[in-house]
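Student: Input file: run.cif. Contents: mmCIF, C-alpha atoms and all ligand atoms.
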```cif
data_input
loop_
_atom_site.group_PDB
_atom_site.id
_atom_site.type_symbol
_atom_site.label_atom_id
_atom_site.label_comp_id
_atom_site.auth_asym_id
_atom_site.auth_seq_id
_atom_site.Cartn_x
_atom_site.Cartn_y
_atom_site.Cartn_z
ATOM 1 C CA MET B 1 6.060 9.655 -12.620
ATOM 2 C CA ASP B 2 6.518 10.443 -8.953
ATOM 3 C CA PRO B 3 9.704 8.604 -7.889
ATOM 4 C CA PHE B 4 8.006 7.364 -4.714
ATOM 5 C CA MET B 5 5.068 5.878 -6.621
ATOM 6 C CA GLN B 6 7.644 4.382 -8.960
ATOM 7 C CA ALA B 7 9.339 2.770 -5.948
ATOM 8 C CA ALA B 8 5.984 1.371 -4.779
ATOM 9 C CA ILE B 9 5.389 -0.061 -8.269
ATOM 10 C CA GLU B 10 8.831 -1.684 -8.207
ATOM 11 C CA GLU B 11 7.888 -3.331 -4.917
ATOM 12 C CA ALA B 12 4.642 -4.589 -6.484
ATOM 13 C CA GLN B 13 6.569 -5.991 -9.448
ATOM 14 C CA GLN B 14 9.001 -7.714 -7.104
ATOM 15 C CA GLY B 15 6.063 -9.295 -5.288
ATOM 16 C CA LEU B 16 4.659 -10.554 -8.576
ATOM 17 C CA ALA B 17 8.037 -12.022 -9.504
ATOM 18 C CA GLU B 18 8.036 -13.902 -6.186
ATOM 19 C CA GLY B 19 4.658 -15.459 -7.017
ATOM 20 C CA GLY B 20 2.790 -13.069 -4.755
ATOM 21 C CA ILE B 21 0.113 -10.439 -5.057
ATOM 22 C CA PRO B 22 1.399 -7.328 -6.891
ATOM 23 C CA ILE B 23 0.811 -4.554 -4.390
ATOM 24 C CA GLY B 24 3.645 -2.354 -3.161
ATOM 25 C CA SER B 25 4.046 0.510 -0.735
ATOM 26 C CA VAL B 26 6.632 2.953 0.555
ATOM 27 C CA ILE B 27 6.608 5.309 3.525
ATOM 28 C CA VAL B 28 8.391 8.609 2.962
ATOM 29 C CA HIS B 29 9.659 10.973 5.643
ATOM 30 C CA GLU B 30 11.279 14.293 4.737
ATOM 31 C CA GLY B 31 11.799 13.194 1.147
ATOM 32 C CA ARG B 32 13.401 9.871 2.050
ATOM 33 C CA ILE B 33 11.983 6.348 1.976
ATOM 34 C CA ILE B 34 12.051 5.004 5.552
ATOM 35 C CA GLY B 35 10.106 1.818 4.845
ATOM 36 C CA ARG B 36 9.221 -0.136 1.749
ATOM 37 C CA GLY B 37 7.364 -3.351 1.222
ATOM 38 C CA HIS B 38 5.031 -5.491 -0.824
ATOM 39 C CA ASN B 39 2.255 -7.940 -0.189
ATOM 40 C CA ARG B 40 3.810 -11.156 1.172
ATOM 41 C CA ARG B 41 0.730 -13.132 2.212
ATOM 42 C CA VAL B 42 1.552 -15.898 -0.240
ATOM 43 C CA GLN B 43 5.338 -15.805 0.201
ATOM 44 C CA GLN B 44 5.213 -15.885 4.005
ATOM 45 C CA GLY B 45 1.871 -17.593 4.585
ATOM 46 C CA SER B 46 0.984 -14.405 6.444
ATOM 47 C CA ALA B 47 -2.422 -13.110 7.463
ATOM 48 C CA ILE B 48 -1.299 -9.493 7.749
ATOM 49 C CA ARG B 49 1.509 -8.783 5.299
ATOM 50 C CA HIS B 50 -0.326 -6.525 2.918
ATOM 51 C CA GLY B 51 1.962 -4.132 1.044
ATOM 52 C CA GLU B 52 1.292 -1.241 3.410
ATOM 53 C CA MET B 53 1.703 -3.394 6.528
ATOM 54 C CA ASP B 54 4.982 -4.732 5.129
ATOM 55 C CA ALA B 55 6.200 -1.149 4.585
ATOM 56 C CA PHE B 56 5.225 -0.230 8.162
ATOM 57 C CA GLU B 57 7.007 -3.313 9.495
ATOM 58 C CA ASN B 58 10.129 -2.656 7.450
ATOM 59 C CA ALA B 59 10.205 0.969 8.600
ATOM 60 C CA GLY B 60 10.569 -0.440 12.098
ATOM 61 C CA ARG B 61 9.712 1.394 15.262
ATOM 62 C CA GLN B 62 9.337 5.106 14.542
ATOM 63 C CA SER B 63 8.434 8.055 16.741
ATOM 64 C CA ALA B 64 4.891 9.418 16.723
ATOM 65 C CA GLN B 65 6.324 12.639 15.316
ATOM 66 C CA THR B 66 7.920 10.816 12.382
ATOM 67 C CA TYR B 67 4.643 9.109 11.446
ATOM 68 C CA ARG B 68 2.841 12.445 11.620
ATOM 69 C CA GLU B 69 5.292 13.901 9.109
ATOM 70 C CA SER B 70 5.229 10.959 6.698
ATOM 71 C CA VAL B 71 3.498 10.192 3.416
ATOM 72 C CA LEU B 72 2.422 6.645 2.550
ATOM 73 C CA TYR B 73 2.406 5.597 -1.094
ATOM 74 C CA THR B 74 0.567 2.465 -2.113
ATOM 75 C CA THR B 75 -0.165 1.018 -5.541
ATOM 76 C CA LEU B 76 -3.737 0.051 -4.552
ATOM 77 C CA SER B 77 -6.494 1.667 -2.488
ATOM 78 C CA PRO B 78 -5.822 0.556 1.125
ATOM 79 C CA CYS B 79 -8.089 -2.024 2.764
ATOM 80 C CA SER B 80 -9.599 -1.661 6.242
ATOM 81 C CA MET B 81 -6.592 -3.264 7.975
ATOM 82 C CA CYS B 82 -4.046 -0.995 6.304
ATOM 83 C CA SER B 83 -6.262 2.071 6.666
ATOM 84 C CA GLY B 84 -6.474 1.222 10.368
ATOM 85 C CA ALA B 85 -2.684 1.288 10.643
ATOM 86 C CA ILE B 86 -2.581 4.591 8.736
ATOM 87 C CA LEU B 87 -5.075 6.078 11.212
ATOM 88 C CA LEU B 88 -3.414 4.504 14.258
ATOM 89 C CA TYR B 89 -0.066 6.108 13.463
ATOM 90 C CA GLY B 90 -1.536 9.373 12.220
ATOM 91 C CA ILE B 91 -0.115 9.318 8.704
ATOM 92 C CA PRO B 92 -1.449 12.619 7.330
ATOM 93 C CA ARG B 93 -1.230 11.929 3.596
ATOM 94 C CA VAL B 94 -1.746 8.850 1.419
ATOM 95 C CA VAL B 95 -1.012 8.673 -2.306
ATOM 96 C CA ILE B 96 -2.833 5.793 -4.035
ATOM 97 C CA GLY B 97 -1.841 4.284 -7.377
ATOM 98 C CA GLU B 98 -5.354 3.233 -8.317
ATOM 99 C CA ASN B 99 -8.796 2.375 -6.948
ATOM 100 C CA GLN B 100 -10.391 0.924 -10.107
ATOM 101 C CA THR B 101 -9.753 -2.742 -9.294
ATOM 102 C CA PHE B 102 -10.446 -2.369 -5.549
ATOM 103 C CA MET B 103 -11.977 0.487 -3.562
ATOM 104 C CA GLY B 104 -10.576 0.522 -0.061
ATOM 105 C CA GLU B 105 -11.434 2.693 2.917
ATOM 106 C CA GLU B 106 -10.716 6.046 1.300
ATOM 107 C CA GLU B 107 -13.862 7.632 2.718
ATOM 108 C CA LEU B 108 -12.913 6.522 6.217
ATOM 109 C CA LEU B 109 -9.448 8.012 5.790
ATOM 110 C CA ARG B 110 -10.849 11.308 4.491
ATOM 111 C CA SER B 111 -13.435 11.427 7.276
ATOM 112 C CA ARG B 112 -10.564 11.240 9.767
ATOM 113 C CA GLY B 113 -8.689 14.102 8.127
ATOM 114 C CA VAL B 114 -6.207 12.157 6.003
ATOM 115 C CA GLN B 115 -5.324 13.800 2.707
ATOM 116 C CA VAL B 116 -6.011 11.112 0.092
ATOM 117 C CA GLU B 117 -4.784 11.453 -3.470
ATOM 118 C CA VAL B 118 -5.563 8.879 -6.190
ATOM 119 C CA VAL B 119 -3.395 9.056 -9.312
ATOM 120 C CA GLN B 120 -5.061 6.232 -11.366
ATOM 121 C CA ASP B 121 -1.736 5.109 -12.742
ATOM 122 C CA PRO B 122 -2.180 2.733 -15.713
ATOM 123 C CA THR B 123 0.734 0.520 -14.630
ATOM 124 C CA CYS B 124 -0.873 -0.046 -11.232
ATOM 125 C CA VAL B 125 -4.236 -0.832 -12.844
ATOM 126 C CA ALA B 126 -2.656 -3.288 -15.297
ATOM 127 C CA LEU B 127 -0.724 -5.091 -12.544
ATOM 128 C CA MET B 128 -3.896 -5.803 -10.595
ATOM 129 C CA ARG B 129 -6.153 -6.437 -13.592
ATOM 130 C CA ASP B 130 -3.782 -9.043 -14.997
ATOM 131 C CA PHE B 131 -3.256 -10.629 -11.592
ATOM 132 C CA ILE B 132 -6.956 -10.874 -10.740
ATOM 133 C CA ALA B 133 -7.657 -12.403 -14.142
ATOM 134 C CA ALA B 134 -4.863 -14.960 -13.687
ATOM 135 C CA LYS B 135 -5.387 -15.866 -10.007
ATOM 136 C CA PRO B 136 -8.830 -14.744 -8.837
ATOM 137 C CA GLU B 137 -8.826 -17.132 -5.849
ATOM 138 C CA LEU B 138 -5.608 -15.630 -4.440
ATOM 139 C CA TRP B 139 -6.993 -12.141 -4.786
ATOM 140 C CA ASN B 140 -10.326 -13.007 -3.140
ATOM 141 C CA GLU B 141 -8.465 -14.586 -0.251
ATOM 142 C CA ASP B 142 -6.424 -11.407 0.189
ATOM 143 C CA ILE B 143 -9.515 -9.253 0.656
ATOM 144 C CA GLY B 144 -11.361 -11.788 2.790
ATOM 145 C CA GLU B 145 -13.822 -13.048 0.188
HETATM 146 ZN ZN ZN X 201 -4.424 -3.931 3.227
#
```
Show me the file's structure as structure tokens.
Tutor:
Amino acid sequence: MDPFMQAAIEEAQQGLAEGGIPIGSVIVHEGRIIGRGHNRRVQQGSAIRHGEMDAFENAGRQSAQTYRESVLYTTLSPCSMCSGAILLYGIPRVVIGENQTFMGEEELLRSRGVQVEVVQDPTCVALMRDFIAAKPELWNEDIGE
């Protein structure tokens, strides 16, 4: 297991333990995690705190150069909001835990030159599958349905 995907999974598990949606993300620059986060929509009553957005926020204000040298790891295929942030800051590479439970904007990312890699990790799939089965209304709310 890639240690950075493992870190994203740990974030997702922490979110689940908090009663939230189990999606985690880390942003890695030069082999070091500069931002990590998990979905906090439920915990914070937030409209925007998806796992990737939380990782961006926790990374704080970074230079354009730093973003352009970073890799974003996320346990789930990124939605349109998070893909927008990835494109805005010019993140060149995204590693995705799985896209079986939700297909995000991977084609958009690829069309804009982002290197997208999907690992289909069984732990990531199980986290979402179990969560969607247990709390379908929370999940639908998260993706605007
Ligand atoms: Zn998102």
Student: I'd like the interatomic distance between CA of Ala126 (chain B) and CA of Glu10 (chain B), to a tenth of an Å.
Tutor: 13.6 Å
Student: Taking all atoms listed in the file and a cut-off of 9 Å, can you tell me which residues surround ligand ZN 201 (chain X), written as an mmCIF file with C-alpha atoms, in the coordinates of the input?
Tutor:
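Contents of the output file out-v8.cif:
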```cif
data_model
loop_
_atom_site.group_PDB
_atom_site.id
_atom_site.type_symbol
_atom_site.label_atom_id
_atom_site.label_comp_id
_atom_site.auth_asym_id
_atom_site.auth_seq_id
_atom_site.Cartn_x
_atom_site.Cartn_y
_atom_site.Cartn_z
ATOM 1 C CA ASN B 39 2.255 -7.940 -0.189
ATOM 2 C CA ILE B 48 -1.299 -9.493 7.749
ATOM 3 C CA ARG B 49 1.509 -8.783 5.299
ATOM 4 C CA HIS B 50 -0.326 -6.525 2.918
ATOM 5 C CA GLY B 51 1.962 -4.132 1.044
ATOM 6 C CA GLU B 52 1.292 -1.241 3.410
ATOM 7 C CA MET B 53 1.703 -3.394 6.528
ATOM 8 C CA LEU B 76 -3.737 0.051 -4.552
ATOM 9 C CA SER B 77 -6.494 1.667 -2.488
ATOM 10 C CA PRO B 78 -5.822 0.556 1.125
ATOM 11 C CA CYS B 79 -8.089 -2.024 2.764
ATOM 12 C CA SER B 80 -9.599 -1.661 6.242
ATOM 13 C CA MET B 81 -6.592 -3.264 7.975
ATOM 14 C CA CYS B 82 -4.046 -0.995 6.304
ATOM 15 C CA SER B 83 -6.262 2.071 6.666
ATOM 16 C CA GLY B 104 -10.576 0.522 -0.061
ATOM 17 C CA ASP B 142 -6.424 -11.407 0.189
ATOM 18 C CA ILE B 143 -9.515 -9.253 0.656
#
```
Student: Would you list the residues near (4.1, -8.3, -9.7), meaning any protein, DNA or RNA residue with an atom at most 12 Å from that point in file coordinates, counting only C-alpha atoms, as a PyMOL selection string?
Tutor: chain B and resi 8-24+38-40+51+75+123-132+134
Student: At a cut-off of 12 Å from (-7.7, -17.1, 1.2) in the coordinates of the file, what residues are picked up using all atoms listed in the file, written as a VMD selection string?
Tutor: chain B and resid 41 to 42 45 to 48 135 to 145
Student: Would you mind reading off the distance between CA of Gly97 (chain B) and CA of Gln115 (chain B), one decimal, in Å?
Tutor: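 CA of Gln115 (chain B) lies at a distance of 14.3 Å from CA of Gly97 (chain B).
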Student: In Å, how far is it from CA of Met5 (chain B) to CA of Tyr89 (chain B)?
Tutor: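 Distance reported for this atom pair: 20.7 Å.
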Student: Find the residues around Gly60 (chain B) up to 10 Å (only C-alpha atoms counted), leave out those fewer than 6 positions away in its own chain, and share them as an NGL selection string.
Tutor: :B and (34-35 or 54)
Student: Keeping C-alpha atoms, export the residues of the selection given above as a tab-separated table (two decimals), keeping the file's coordinate frame.
Tutor:
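Wrote it out as out.tsv, contents follow:
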```tsv
chain	number	residue	atom	x	y	z
B	34	ILE	CA	12.05	5.00	5.55
B	35	GLY	CA	10.11	1.82	4.84
B	54	ASP	CA	4.98	-4.73	5.13
```
Student: Compare B:Asn99, B:Gly31, B:Val116, B:Arg68 by their minimum atom-to-atom distance to Asp2 (chain B), counting all atoms listed in the file, and give me the closest one.
Tutor: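 Nearest candidate to Asp2 (chain B) out of B:Asn99, B:Gly31, B:Val116, B:Arg68: B:Gly31.
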Student: Name the residues that the PyMOL selection byres (((chain B and resi 112) around 12) and not hetatm) picks from the file above, as an MDAnalysis selection string, using the file's chain letters and numbers.
Tutor: chainID B and resid 83:84 86:88 90:93 105:111 113:116
Student: Pick from B:His29, B:Met1, B:Ala55, B:Phe102: nearest to Val119 (chain B), with all atoms listed in the file counted?
Tutor: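 The answer is B:Met1, which sits nearest to Val119 (chain B).
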Student: Name the residues that the PyMOL selection byres (((chain B and resi 33) around 10) and not hetatm) pulls out of this structure, and write them as a list in words.
Tutor: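 This file gives the following for the PyMOL selection byres (((chain B and resi 33) around 10) and not hetatm): Phe4, Ala7, Val26, Ile27, Val28, His29, Glu30, Gly31, Arg32, Ile34, Gly35, Arg36, Ala55, Ala59, Ser70, Val71 and Leu72 of chain B.
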Student: I need the residue nearest Glu57 (chain B) from this list: B:Pro3, B:Asp121, B:Val94, B:Ser25. Use only C-alpha atoms for the distance.
Tutor: B:Ser25
